[in-house]
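K.L.:
Contents are TSV, C-alpha atoms and all ligand atoms; file name my_file_8.tsv:
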chain	number	residue	atom	x	y	z
U	979	MET	CA	30.65	-2.80	-17.68
U	980	SER	CA	26.97	-2.57	-16.95
U	981	GLU	CA	24.60	-5.48	-17.44
U	982	ARG	CA	21.92	-5.21	-20.14
U	983	VAL	CA	18.45	-6.70	-19.72
U	984	LYS	CA	15.29	-6.65	-21.77
U	985	CYS	CA	12.88	-6.21	-18.92
U	986	LEU	CA	13.70	-4.90	-15.46
U	987	ILE	CA	10.98	-5.13	-12.82
U	988	ILE	CA	11.27	-3.13	-9.62
U	989	GLY	CA	9.26	-4.34	-6.66
U	990	SER	CA	8.12	-7.66	-5.29
U	991	GLY	CA	4.45	-7.23	-4.45
U	992	PRO	CA	1.63	-8.78	-6.47
U	993	ALA	CA	2.23	-6.28	-9.30
U	994	GLY	CA	5.96	-7.03	-9.62
U	995	TYR	CA	5.65	-10.80	-9.39
U	996	THR	CA	2.71	-10.94	-11.79
U	997	ALA	CA	4.67	-8.80	-14.25
U	998	ALA	CA	7.57	-11.26	-13.83
U	999	ILE	CA	5.31	-14.26	-14.53
U	1000	TYR	CA	3.98	-12.69	-17.74
U	1001	ALA	CA	7.35	-11.32	-18.85
U	1002	GLY	CA	8.98	-14.69	-18.20
U	1003	ARG	CA	6.36	-16.50	-20.25
U	1004	ALA	CA	6.93	-13.96	-23.04
U	1005	ASN	CA	10.65	-14.86	-23.12
U	1006	LEU	CA	11.74	-11.44	-21.91
U	1007	SER	CA	14.08	-13.02	-19.31
U	1008	PRO	CA	12.95	-10.53	-16.65
U	1009	VAL	CA	15.20	-9.43	-13.82
U	1010	LEU	CA	13.29	-8.39	-10.71
U	1011	TYR	CA	14.74	-6.38	-7.84
U	1012	GLU	CA	12.78	-7.02	-4.69
U	1013	GLY	CA	13.23	-3.67	-2.96
U	1014	MET	CA	13.09	-2.78	0.69
U	1015	LEU	CA	10.30	-5.12	1.79
U	1016	SER	CA	10.61	-8.46	0.04
U	1017	GLY	CA	7.09	-9.57	-0.85
U	1018	GLY	CA	5.64	-6.10	-0.37
U	1019	GLN	CA	2.84	-4.86	1.89
U	1020	LEU	CA	1.00	-8.18	1.97
U	1021	THR	CA	3.72	-9.71	4.07
U	1022	THR	CA	2.71	-7.33	6.87
U	1023	THR	CA	-0.87	-8.61	6.99
U	1024	THR	CA	-1.87	-11.95	8.40
U	1025	GLU	CA	-4.40	-13.77	6.32
U	1026	ILE	CA	-5.68	-12.71	2.90
U	1027	GLU	CA	-9.27	-13.73	2.37
U	1028	ASN	CA	-10.27	-11.58	-0.60
U	1029	PHE	CA	-7.85	-12.78	-3.26
U	1030	PRO	CA	-9.84	-14.94	-5.68
U	1031	GLY	CA	-8.87	-18.59	-5.76
U	1032	TYR	CA	-8.28	-19.14	-2.05
U	1033	PRO	CA	-11.63	-20.20	-0.60
U	1034	GLU	CA	-10.07	-20.79	2.81
U	1035	GLY	CA	-7.91	-17.65	2.70
U	1036	VAL	CA	-4.13	-17.62	2.48
U	1037	ASP	CA	-1.33	-16.36	4.68
U	1038	GLY	CA	0.14	-13.15	3.20
U	1039	ASN	CA	3.70	-14.43	3.30
U	1040	GLN	CA	2.69	-17.76	1.78
U	1041	MET	CA	0.91	-16.05	-1.09
U	1042	MET	CA	3.94	-13.93	-1.87
U	1043	MET	CA	6.22	-17.00	-1.74
U	1044	ASP	CA	3.86	-18.77	-4.15
U	1045	LEU	CA	3.87	-15.81	-6.53
U	1046	ARG	CA	7.67	-15.66	-6.33
U	1047	ALA	CA	7.98	-19.39	-7.06
U	1048	GLN	CA	5.62	-19.03	-10.00
U	1049	ALA	CA	7.72	-16.17	-11.42
U	1050	GLU	CA	10.91	-18.22	-10.97
U	1051	ARG	CA	9.30	-21.18	-12.71
U	1052	PHE	CA	9.13	-19.04	-15.85
U	1053	GLY	CA	12.72	-17.89	-15.59
U	1054	ALA	CA	12.49	-14.64	-13.63
U	1055	ASP	CA	15.84	-13.70	-12.10
U	1056	ILE	CA	14.85	-12.41	-8.66
U	1057	ARG	CA	17.45	-10.43	-6.77
U	1058	PHE	CA	17.86	-8.48	-3.56
U	1059	GLY	CA	18.49	-4.81	-4.12
U	1060	ILE	CA	17.05	-1.35	-4.21
U	1061	VAL	CA	17.07	1.04	-7.15
U	1062	THR	CA	18.89	4.10	-5.89
U	1063	ALA	CA	19.13	6.18	-9.09
U	1064	VAL	CA	17.74	6.16	-12.61
U	1065	ASP	CA	18.56	7.84	-15.88
U	1066	PHE	CA	15.63	7.63	-18.26
U	1067	SER	CA	16.95	10.34	-20.58
U	1068	GLY	CA	17.91	8.01	-23.41
U	1069	LYS	CA	17.78	4.40	-24.56
U	1070	PRO	CA	18.44	1.98	-23.01
U	1071	HIS	CA	17.23	3.10	-19.59
U	1072	LYS	CA	19.97	3.18	-16.98
U	1073	LEU	CA	19.47	2.22	-13.34
U	1074	THR	CA	21.75	2.03	-10.33
U	1075	ILE	CA	21.21	-0.71	-7.77
U	1076	ASP	CA	22.26	-0.17	-4.15
U	1077	GLY	CA	24.33	2.84	-5.16
U	1078	GLU	CA	26.89	0.79	-7.07
U	1079	LYS	CA	25.69	-1.71	-9.67
U	1080	GLU	CA	24.78	-0.26	-13.08
U	1081	ILE	CA	22.15	-1.97	-15.16
U	1082	GLU	CA	20.67	-1.09	-18.55
U	1083	ALA	CA	17.15	-2.07	-19.49
U	1084	ASP	CA	15.09	-1.85	-22.67
U	1085	THR	CA	11.92	-1.78	-20.59
U	1086	VAL	CA	11.33	-0.98	-16.94
U	1087	ILE	CA	8.27	-1.93	-14.91
U	1088	ILE	CA	7.94	0.15	-11.76
U	1089	ALA	CA	5.99	-1.80	-9.15
U	1090	THR	CA	7.40	-0.24	-6.00
U	1091	GLY	CA	4.05	0.07	-4.22
U	1092	ALA	CA	2.94	2.54	-1.63
U	1093	SER	CA	3.56	2.60	2.07
U	1094	ALA	CA	0.86	3.35	4.59
U	1095	LYS	CA	1.63	6.29	6.77
U	1096	TYR	CA	1.91	5.62	10.49
U	1097	LEU	CA	1.71	8.05	13.38
U	1098	GLY	CA	5.24	7.21	14.46
U	1099	LEU	CA	4.33	5.74	17.84
U	1100	PRO	CA	6.64	2.96	19.08
U	1101	ASP	CA	3.48	0.97	20.00
U	1102	GLU	CA	2.42	0.79	16.34
U	1103	HIS	CA	5.53	-1.25	15.71
U	1104	LYS	CA	5.14	-3.28	18.89
U	1105	TYR	CA	1.58	-4.40	18.05
U	1106	GLN	CA	1.98	-4.71	14.26
U	1107	GLY	CA	-0.09	-7.72	13.19
U	1108	ARG	CA	-1.45	-8.01	16.75
U	1109	GLY	CA	-4.11	-5.33	16.62
U	1110	VAL	CA	-2.45	-2.67	14.48
U	1111	SER	CA	-3.32	-2.57	10.81
U	1112	ALA	CA	-3.33	-0.09	7.97
U	1113	CYS	CA	-5.89	-1.95	5.86
U	1114	ALA	CA	-9.46	-2.46	7.01
U	1115	THR	CA	-10.36	-4.36	3.85
U	1116	CYS	CA	-7.55	-6.83	4.54
U	1117	ASP	CA	-7.90	-7.28	8.29
U	1118	GLY	CA	-11.35	-6.02	9.29
U	1119	PHE	CA	-12.89	-9.46	9.21
U	1120	PHE	CA	-10.77	-10.55	12.18
U	1121	TYR	CA	-12.48	-7.94	14.35
U	1122	ARG	CA	-16.09	-9.10	13.88
U	1123	LYS	CA	-18.22	-8.20	16.89
U	1124	LYS	CA	-15.28	-6.37	18.48
U	1125	THR	CA	-14.44	-2.73	19.12
U	1126	VAL	CA	-11.91	-0.95	16.94
U	1127	ALA	CA	-10.55	2.54	16.31
U	1128	VAL	CA	-9.73	4.14	12.98
U	1129	VAL	CA	-7.37	7.12	12.84
U	1130	GLY	CA	-7.88	9.80	10.20
U	1131	GLY	CA	-10.50	12.17	8.90
U	1132	GLY	CA	-10.22	11.73	5.13
U	1133	ASP	CA	-12.19	9.61	2.68
U	1134	THR	CA	-10.15	6.51	3.41
U	1135	ALA	CA	-10.73	6.78	7.17
U	1136	CYS	CA	-14.47	7.34	6.69
U	1137	GLU	CA	-14.75	4.49	4.20
U	1138	GLU	CA	-12.83	2.15	6.49
U	1139	ALA	CA	-14.86	3.22	9.52
U	1140	CYS	CA	-18.11	2.47	7.66
U	1141	TYR	CA	-16.78	-0.88	6.46
U	1142	LEU	CA	-15.64	-1.83	9.95
U	1143	ALA	CA	-18.95	-0.65	11.42
U	1144	SER	CA	-20.68	-3.32	9.35
U	1145	LEU	CA	-18.55	-5.99	11.07
U	1146	CYS	CA	-17.74	-4.60	14.49
U	1147	THR	CA	-19.82	-3.77	17.51
U	1148	LYS	CA	-18.32	-0.32	17.80
U	1149	VAL	CA	-15.92	1.88	15.85
U	1150	TYR	CA	-14.17	4.97	17.19
U	1151	LEU	CA	-13.03	7.41	14.52
U	1152	ILE	CA	-10.10	9.40	15.94
U	1153	VAL	CA	-9.85	12.76	14.15
U	1154	ARG	CA	-7.23	15.32	15.09
U	1155	LYS	CA	-9.19	18.34	13.82
U	1156	PRO	CA	-12.68	19.52	14.86
U	1157	PHE	CA	-13.99	18.47	11.43
U	1158	LEU	CA	-13.65	15.72	8.83
U	1159	ARG	CA	-11.71	16.37	5.67
U	1160	ALA	CA	-13.64	13.66	3.78
U	1161	SER	CA	-16.20	14.36	1.04
U	1162	LYS	CA	-19.67	15.42	2.22
U	1163	VAL	CA	-21.22	12.12	1.24
U	1164	MET	CA	-18.72	10.16	3.30
U	1165	GLN	CA	-19.12	12.51	6.25
U	1166	GLU	CA	-22.88	11.98	6.19
U	1167	ARG	CA	-22.46	8.24	5.99
U	1168	VAL	CA	-20.21	8.27	9.05
U	1169	MET	CA	-22.55	10.51	11.02
U	1170	LYS	CA	-25.56	8.35	10.17
U	1171	THR	CA	-23.89	5.11	11.26
U	1172	PRO	CA	-25.03	4.53	14.84
U	1173	ASN	CA	-22.08	2.39	15.95
U	1174	ILE	CA	-19.42	4.91	14.84
U	1175	GLU	CA	-18.37	7.43	17.48
U	1176	VAL	CA	-16.29	10.28	16.11
U	1177	LEU	CA	-13.71	11.59	18.56
U	1178	PHE	CA	-12.99	15.05	17.15
U	1179	GLU	CA	-9.88	16.92	18.28
U	1180	HIS	CA	-8.33	13.70	19.54
U	1181	ASN	CA	-4.84	12.30	19.19
U	1182	THR	CA	-3.46	8.90	20.10
U	1183	LEU	CA	-0.64	8.83	22.61
U	1184	GLY	CA	-0.06	5.09	22.79
U	1185	LEU	CA	-1.54	1.62	22.84
U	1186	PHE	CA	-1.67	-0.96	25.58
U	1187	GLY	CA	-2.37	-4.66	25.97
U	1188	GLU	CA	-0.74	-7.82	27.21
U	1189	ASP	CA	-0.03	-9.66	23.94
U	1190	ALA	CA	-2.27	-7.76	21.56
U	1191	VAL	CA	-3.97	-4.38	21.53
U	1192	GLU	CA	-6.50	-4.00	24.34
U	1193	GLY	CA	-6.83	-0.24	24.32
U	1194	ALA	CA	-5.47	3.17	23.39
U	1195	HIS	CA	-4.37	6.17	25.42
U	1196	VAL	CA	-5.96	9.19	23.80
U	1197	VAL	CA	-5.94	12.90	24.44
U	1198	ARG	CA	-8.64	15.44	23.65
U	1199	ARG	CA	-7.60	19.02	22.79
U	1200	LEU	CA	-3.91	18.39	23.25
U	1201	GLY	CA	-2.09	21.40	24.70
U	1202	GLU	CA	-5.28	23.39	25.43
U	1203	ALA	CA	-6.38	24.52	28.89
U	1204	ASP	CA	-9.15	21.91	28.91
U	1205	GLU	CA	-6.91	19.07	27.66
U	1206	GLU	CA	-8.24	15.70	28.74
U	1207	ARG	CA	-6.40	12.35	28.70
U	1208	TYR	CA	-8.19	9.03	28.97
U	1209	ASP	CA	-8.17	5.43	27.69
U	1210	ILE	CA	-10.52	3.68	25.27
U	1211	LYS	CA	-10.88	-0.09	25.16
U	1212	ILE	CA	-10.31	-1.41	21.65
U	1213	ASP	CA	-9.24	-4.67	20.02
U	1214	GLY	CA	-8.01	-3.18	16.76
U	1215	PHE	CA	-6.26	0.06	15.79
U	1216	PHE	CA	-6.50	0.98	12.10
U	1217	LEU	CA	-4.38	3.69	10.52
U	1218	ALA	CA	-6.01	5.58	7.65
U	1219	ILE	CA	-3.95	8.74	7.50
U	1220	GLY	CA	-2.84	8.31	3.91
U	1221	HIS	CA	-0.26	6.44	1.88
U	1222	HIS	CA	2.87	7.63	0.20
U	1223	PRO	CA	3.72	6.04	-3.12
U	1224	ASN	CA	7.30	4.87	-3.46
U	1225	SER	CA	8.05	6.93	-6.55
U	1226	GLU	CA	10.70	9.34	-5.28
U	1227	VAL	CA	13.67	7.95	-7.22
U	1228	PHE	CA	11.79	8.10	-10.55
U	1229	LYS	CA	10.44	11.63	-10.20
U	1230	PRO	CA	13.13	13.41	-12.21
U	1231	TYR	CA	11.82	11.58	-15.29
U	1232	VAL	CA	8.42	10.04	-14.58
U	1233	GLU	CA	5.38	12.27	-14.14
U	1234	THR	CA	3.49	11.92	-10.89
U	1235	ASP	CA	0.43	13.62	-9.44
U	1236	GLU	CA	0.74	16.02	-6.53
U	1237	ALA	CA	0.62	13.12	-4.05
U	1238	GLY	CA	3.44	11.32	-5.87
U	1239	TYR	CA	1.39	8.59	-7.62
U	1240	ILE	CA	2.84	7.82	-11.04
U	1241	LYS	CA	0.57	9.04	-13.81
U	1242	THR	CA	-0.39	6.40	-16.36
U	1243	GLN	CA	-2.60	6.48	-19.41
U	1244	PRO	CA	-6.28	5.59	-18.94
U	1245	TYR	CA	-6.65	1.77	-18.93
U	1246	ARG	CA	-2.96	1.32	-19.72
U	1247	PRO	CA	0.14	1.25	-17.48
U	1248	LEU	CA	2.13	3.55	-19.80
U	1249	THR	CA	4.05	6.41	-18.15
U	1250	ASN	CA	5.26	9.54	-19.95
U	1251	VAL	CA	8.60	7.77	-20.63
U	1252	PRO	CA	8.50	5.30	-23.54
U	1253	GLY	CA	9.46	1.83	-22.34
U	1254	VAL	CA	8.79	2.64	-18.68
U	1255	PHE	CA	5.60	1.21	-17.23
U	1256	ALA	CA	4.02	1.51	-13.79
U	1257	ALA	CA	1.89	-1.10	-12.08
U	1258	GLY	CA	0.27	-1.59	-8.70
U	1259	ASP	CA	-0.13	0.82	-5.82
U	1260	VAL	CA	2.62	3.20	-6.95
U	1261	ALA	CA	0.21	4.24	-9.70
U	1262	ASP	CA	-3.11	3.55	-7.96
U	1263	PRO	CA	-4.39	6.09	-5.43
U	1264	ILE	CA	-7.88	4.62	-5.45
U	1265	TYR	CA	-8.21	0.83	-5.23
U	1266	ARG	CA	-4.95	-0.34	-3.63
U	1267	GLN	CA	-5.96	-4.00	-3.67
U	1268	ALA	CA	-3.67	-6.97	-4.37
U	1269	ILE	CA	-5.90	-8.25	-7.15
U	1270	CYS	CA	-5.83	-4.85	-8.89
U	1271	ALA	CA	-2.05	-4.67	-8.52
U	1272	ALA	CA	-1.66	-8.16	-9.99
U	1273	ALA	CA	-3.86	-7.23	-12.95
U	1274	SER	CA	-1.87	-4.09	-13.67
U	1275	GLY	CA	1.39	-6.07	-13.43
U	1276	CYS	CA	0.04	-8.36	-16.13
U	1277	LYS	CA	-0.83	-5.39	-18.33
U	1278	ALA	CA	2.61	-3.81	-17.80
U	1279	ALA	CA	4.39	-7.00	-18.89
U	1280	MET	CA	2.19	-7.28	-21.97
U	1281	GLU	CA	3.02	-3.67	-22.85
U	1282	ALA	CA	6.73	-4.36	-22.31
U	1283	GLU	CA	6.50	-7.33	-24.67
U	1284	LYS	CA	4.79	-5.19	-27.29
U	1285	TYR	CA	7.37	-2.43	-26.88
U	1286	ILE	CA	10.29	-4.83	-27.32
U	1287	ALA	CA	8.66	-6.47	-30.33
U	1288	ALA	CA	8.32	-3.03	-31.96
U	1289	MET	CA	11.99	-2.26	-31.14
U	1290	GLU	CA	13.17	-5.49	-32.71
U	1301	LIG	P1	-6.15	12.26	3.08
U	1301	LIG	O1	-4.81	12.87	2.94
U	1301	LIG	O2	-7.29	12.82	2.35
U	1301	LIG	O3	-6.56	12.29	4.63
U	1301	LIG	C1	-5.69	11.92	5.61
U	1301	LIG	C2	-6.36	12.12	6.96
U	1301	LIG	O4	-5.48	11.67	7.96
U	1301	LIG	C3	-6.69	13.57	7.26
U	1301	LIG	O5	-7.89	13.67	7.98
U	1301	LIG	C4	-5.52	14.00	8.13
U	1301	LIG	O6	-5.85	14.98	9.08
U	1301	LIG	C5	-5.25	12.72	8.87
U	1301	LIG	N1	-3.88	12.68	9.33
U	1301	LIG	C6	-2.75	12.79	8.61
U	1301	LIG	N2	-1.68	12.69	9.40
U	1301	LIG	C7	-2.14	12.51	10.65
U	1301	LIG	C8	-1.54	12.35	11.90
U	1301	LIG	N3	-0.21	12.34	12.05
U	1301	LIG	N4	-2.32	12.20	13.00
U	1301	LIG	C9	-3.67	12.18	12.88
U	1301	LIG	N5	-4.31	12.33	11.71
U	1301	LIG	C10	-3.56	12.50	10.62
U	1301	LIG	O7	-5.90	10.71	2.78
U	1301	LIG	P2	-6.94	9.58	2.33
U	1301	LIG	O8	-6.17	8.33	2.27
U	1301	LIG	O9	-8.15	9.63	3.15
U	1301	LIG	O10	-7.33	10.00	0.86
U	1301	LIG	C11	-6.33	10.17	-0.17
U	1301	LIG	C12	-7.03	10.61	-1.44
U	1301	LIG	O11	-7.80	9.53	-1.97
U	1301	LIG	C13	-8.00	11.77	-1.20
U	1301	LIG	O12	-7.96	12.59	-2.32
U	1301	LIG	C14	-9.32	11.08	-1.10
U	1301	LIG	O13	-10.40	11.93	-1.46
U	1301	LIG	C15	-9.14	9.93	-2.08
U	1301	LIG	N6	-10.03	8.80	-1.73
U	1301	LIG	C16	-11.21	8.71	-2.38
U	1301	LIG	C17	-12.09	7.71	-2.09
U	1301	LIG	C18	-13.37	7.66	-2.82
U	1301	LIG	O14	-13.64	8.56	-3.58
U	1301	LIG	N7	-14.17	6.65	-2.62
U	1301	LIG	C19	-11.79	6.69	-1.08
U	1301	LIG	C20	-10.53	6.90	-0.43
U	1301	LIG	C21	-9.69	7.93	-0.76
U	1301	LIG	P3	-6.04	16.52	8.67
U	1301	LIG	O15	-7.36	16.61	8.00
U	1301	LIG	O16	-5.99	17.16	10.00
U	1301	LIG	O17	-4.88	16.87	7.79
Could you render the structure from this file as structure tokens?
P.N.:
Amino acid sequence: MSERVKCLIIGSGPAGYTAAIYAGRANLSPVLYEGMLSGGQLTTTTEIENFPGYPEGVDGNQMMMDLRAQAERFGADIRFGIVTAVDFSGKPHKLTIDGEKEIEADTVIIATGASAKYLGLPDEHKYQGRGVSACATCDGFFYRKKTVAVVGGGDTACEEACYLASLCTKVYLIVRKPFLRASKVMQERVMKTPNIEVLFEHNTLGLFGEDAVEGAHVVRRLGEADEERYDIKIDGFFLAIGHHPNSEVFKPYVETDEAGYIKTQPYRPLTNVPGVFAAGDVADPIYRQAICAAASGCKAAMEAEKYIAAME
């Protein structure tokens, strides 16, 4: 027999845990499944200095443990497990955990986040947290007066390059095509920033460094007759080649945009399925900040409470 819960939260980033805190305090006895990466993306960064309330900054893992403890304090039942299938065709909503356990939920809060895309180089893994980052806003501050590279040619890459240029001595922007894909305004901003050097038609082959990143092996015009391979000296390597929202399993029922971000109503975390809410990066292609995710988790739990009150 499947278990029945009032409020099922999927994901353990700031959105999921904040939803659990609010749902717990609203007596919804929330059950939260942590997903693939317990604690979410913030556990892959070092220190978080832009979350209000921590004047000295806070370690990413510590902050997620604090949020988890706060959710547990209000009765959240936090479990290991991944949602592998859903059936949102009727009420209650049906979900399968790890391919075997069936669970029924009156309300579901999807807070599965988004994952930064990586190039797939083994060195990205090797130097993760030691020079490799996918979030300039989170980690840029650690590279003050240093040299860094940003990979990508879209709006995110240009925005991150400009942000880093305000902190760093020099920023390389590594772009695989001979042009930027970013909006005209962002392109102009990049071109007008004197300490950004755009390396068009470049790809990264690998990174090097004793303990942390000290440089990158790059190639210009890969596979062409005039192909040129050389090294650049950098202290930080930032990926900005896009994110993919973790929405795949919900797509048969929940509307997403063409990039896979779950569509919600303006100002409200309501999806097209009544009783199913989305919070955090899985529904946010623009801001992708912990504080925004936490705020939307709060809203989702408040909506879940309202939905259950109307049901009862
Ligand atoms: P985009 O998909 O727009 O751009 C990704 C960039 O990464 C492209 O230049 C792409 O190259 C490059 N890229 C992808 N894969 C690789 C790879 N394997 N190797 C090297 N380069 C690679 O993603 P963004 O995150 O920049 O933007 C997502 C959306 O969010 C866009 O619609 C954007 O406009 C929007 N956005 C808006 C902002 C704003 O308005 N302020 C700020 C940030 C984002 P290629 O061009 O060759 O495909």
K.L.:
Check the smallest atom-to-atom distance from each of U:Leu1183, U:Ala1063, U:Ala1272, U:Val1149 to ligand LIG 1301 (chain U) using only C-alpha atoms and all ligand atoms, then report the winner.
P.N.:
U:Leu1183
K.L.:
One decimal, Å: what's the distance from atom CA of Gly991 of chain U over to atom C16 of ligand LIG 1301 (chain U), could you say?
P.N.:
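For atom CA of Gly991 of chain U relative to atom C16 of ligand LIG 1301 (chain U), the distance reads 22.4 Å.
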K.L.:
Atom CA of Gln1106 of chain U and atom CA of Ala1256 of chain U, how far apart in Å?
P.N.:
28.8 Å
K.L.:
Which of these residues is nearest to Val1110 of chain U, using all atoms listed in the file: U:Gly1017, U:Ala1004, U:Cys1146, U:Phe1215?
P.N.:
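For Val1110 of chain U, the nearest of the given residues is U:Phe1215.
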K.L.:
Using all atoms listed in the file, which residues have at least one atom no more than 10 Å from ligand LIG 1301 (chain U)? Output them as a PyMOL selection string.
P.N.:
chain U and resi 1094-1099+1128-1138+1152-1161+1163-1164+1179-1182+1217-1222+1237+1262-1266
K.L.:
Would you export the selected residues with C-alpha atoms as a PDB file, in the frame of the given file, please?
P.N.:
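This is the output file result01.pdb:
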ATOM      1  CA  ALA U1094       0.860   3.350   4.590  1.00  0.00           C
ATOM      2  CA  LYS U1095       1.630   6.290   6.770  1.00  0.00           C
ATOM      3  CA  TYR U1096       1.910   5.620  10.490  1.00  0.00           C
ATOM      4  CA  LEU U1097       1.710   8.050  13.380  1.00  0.00           C
ATOM      5  CA  GLY U1098       5.240   7.210  14.460  1.00  0.00           C
ATOM      6  CA  LEU U1099       4.330   5.740  17.840  1.00  0.00           C
ATOM      7  CA  VAL U1128      -9.730   4.140  12.980  1.00  0.00           C
ATOM      8  CA  VAL U1129      -7.370   7.120  12.840  1.00  0.00           C
ATOM      9  CA  GLY U1130      -7.880   9.800  10.200  1.00  0.00           C
ATOM     10  CA  GLY U1131     -10.500  12.170   8.900  1.00  0.00           C
ATOM     11  CA  GLY U1132     -10.220  11.730   5.130  1.00  0.00           C
ATOM     12  CA  ASP U1133     -12.190   9.610   2.680  1.00  0.00           C
ATOM     13  CA  THR U1134     -10.150   6.510   3.410  1.00  0.00           C
ATOM     14  CA  ALA U1135     -10.730   6.780   7.170  1.00  0.00           C
ATOM     15  CA  CYS U1136     -14.470   7.340   6.690  1.00  0.00           C
ATOM     16  CA  GLU U1137     -14.750   4.490   4.200  1.00  0.00           C
ATOM     17  CA  GLU U1138     -12.830   2.150   6.490  1.00  0.00           C
ATOM     18  CA  ILE U1152     -10.100   9.400  15.940  1.00  0.00           C
ATOM     19  CA  VAL U1153      -9.850  12.760  14.150  1.00  0.00           C
ATOM     20  CA  ARG U1154      -7.230  15.320  15.090  1.00  0.00           C
ATOM     21  CA  LYS U1155      -9.190  18.340  13.820  1.00  0.00           C
ATOM     22  CA  PRO U1156     -12.680  19.520  14.860  1.00  0.00           C
ATOM     23  CA  PHE U1157     -13.990  18.470  11.430  1.00  0.00           C
ATOM     24  CA  LEU U1158     -13.650  15.720   8.830  1.00  0.00           C
ATOM     25  CA  ARG U1159     -11.710  16.370   5.670  1.00  0.00           C
ATOM     26  CA  ALA U1160     -13.640  13.660   3.780  1.00  0.00           C
ATOM     27  CA  SER U1161     -16.200  14.360   1.040  1.00  0.00           C
ATOM     28  CA  VAL U1163     -21.220  12.120   1.240  1.00  0.00           C
ATOM     29  CA  MET U1164     -18.720  10.160   3.300  1.00  0.00           C
ATOM     30  CA  GLU U1179      -9.880  16.920  18.280  1.00  0.00           C
ATOM     31  CA  HIS U1180      -8.330  13.700  19.540  1.00  0.00           C
ATOM     32  CA  ASN U1181      -4.840  12.300  19.190  1.00  0.00           C
ATOM     33  CA  THR U1182      -3.460   8.900  20.100  1.00  0.00           C
ATOM     34  CA  LEU U1217      -4.380   3.690  10.520  1.00  0.00           C
ATOM     35  CA  ALA U1218      -6.010   5.580   7.650  1.00  0.00           C
ATOM     36  CA  ILE U1219      -3.950   8.740   7.500  1.00  0.00           C
ATOM     37  CA  GLY U1220      -2.840   8.310   3.910  1.00  0.00           C
ATOM     38  CA  HIS U1221      -0.260   6.440   1.880  1.00  0.00           C
ATOM     39  CA  HIS U1222       2.870   7.630   0.200  1.00  0.00           C
ATOM     40  CA  ALA U1237       0.620  13.120  -4.050  1.00  0.00           C
ATOM     41  CA  ASP U1262      -3.110   3.550  -7.960  1.00  0.00           C
ATOM     42  CA  PRO U1263      -4.390   6.090  -5.430  1.00  0.00           C
ATOM     43  CA  ILE U1264      -7.880   4.620  -5.450  1.00  0.00           C
ATOM     44  CA  TYR U1265      -8.210   0.830  -5.230  1.00  0.00           C
ATOM     45  CA  ARG U1266      -4.950  -0.340  -3.630  1.00  0.00           C
TER      46      ARG U1266
END
K.L.:
Neighbouring residues of segment 1276-1280 of chain U were defined as those with any atom within 7 Å, considering all atoms listed in the file; residues of the same chain fewer than 3 positions away were excluded. Please report them as a CSV table (one decimal) with C-alpha atoms, keeping the file's coordinate frame.
P.N.:
chain,number,residue,atom,x,y,z
U,996,THR,CA,2.7,-10.9,-11.8
U,997,ALA,CA,4.7,-8.8,-14.2
U,1000,TYR,CA,4.0,-12.7,-17.7
U,1001,ALA,CA,7.4,-11.3,-18.8
U,1087,ILE,CA,8.3,-1.9,-14.9
U,1247,PRO,CA,0.1,1.2,-17.5
U,1255,PHE,CA,5.6,1.2,-17.2
U,1256,ALA,CA,4.0,1.5,-13.8
U,1257,ALA,CA,1.9,-1.1,-12.1
U,1272,ALA,CA,-1.7,-8.2,-10.0
U,1273,ALA,CA,-3.9,-7.2,-13.0
U,1283,GLU,CA,6.5,-7.3,-24.7
U,1284,LYS,CA,4.8,-5.2,-27.3
K.L.:
Give the answer as one residue: which of U:Leu1142, U:Met979, U:Ala998, U:Met1041 has the shortest atom-to-atom distance to Gly1018 of chain U, using all atoms listed in the file?
P.N.:
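Answer, going by the shortest atom-to-atom distance: U:Met1041.
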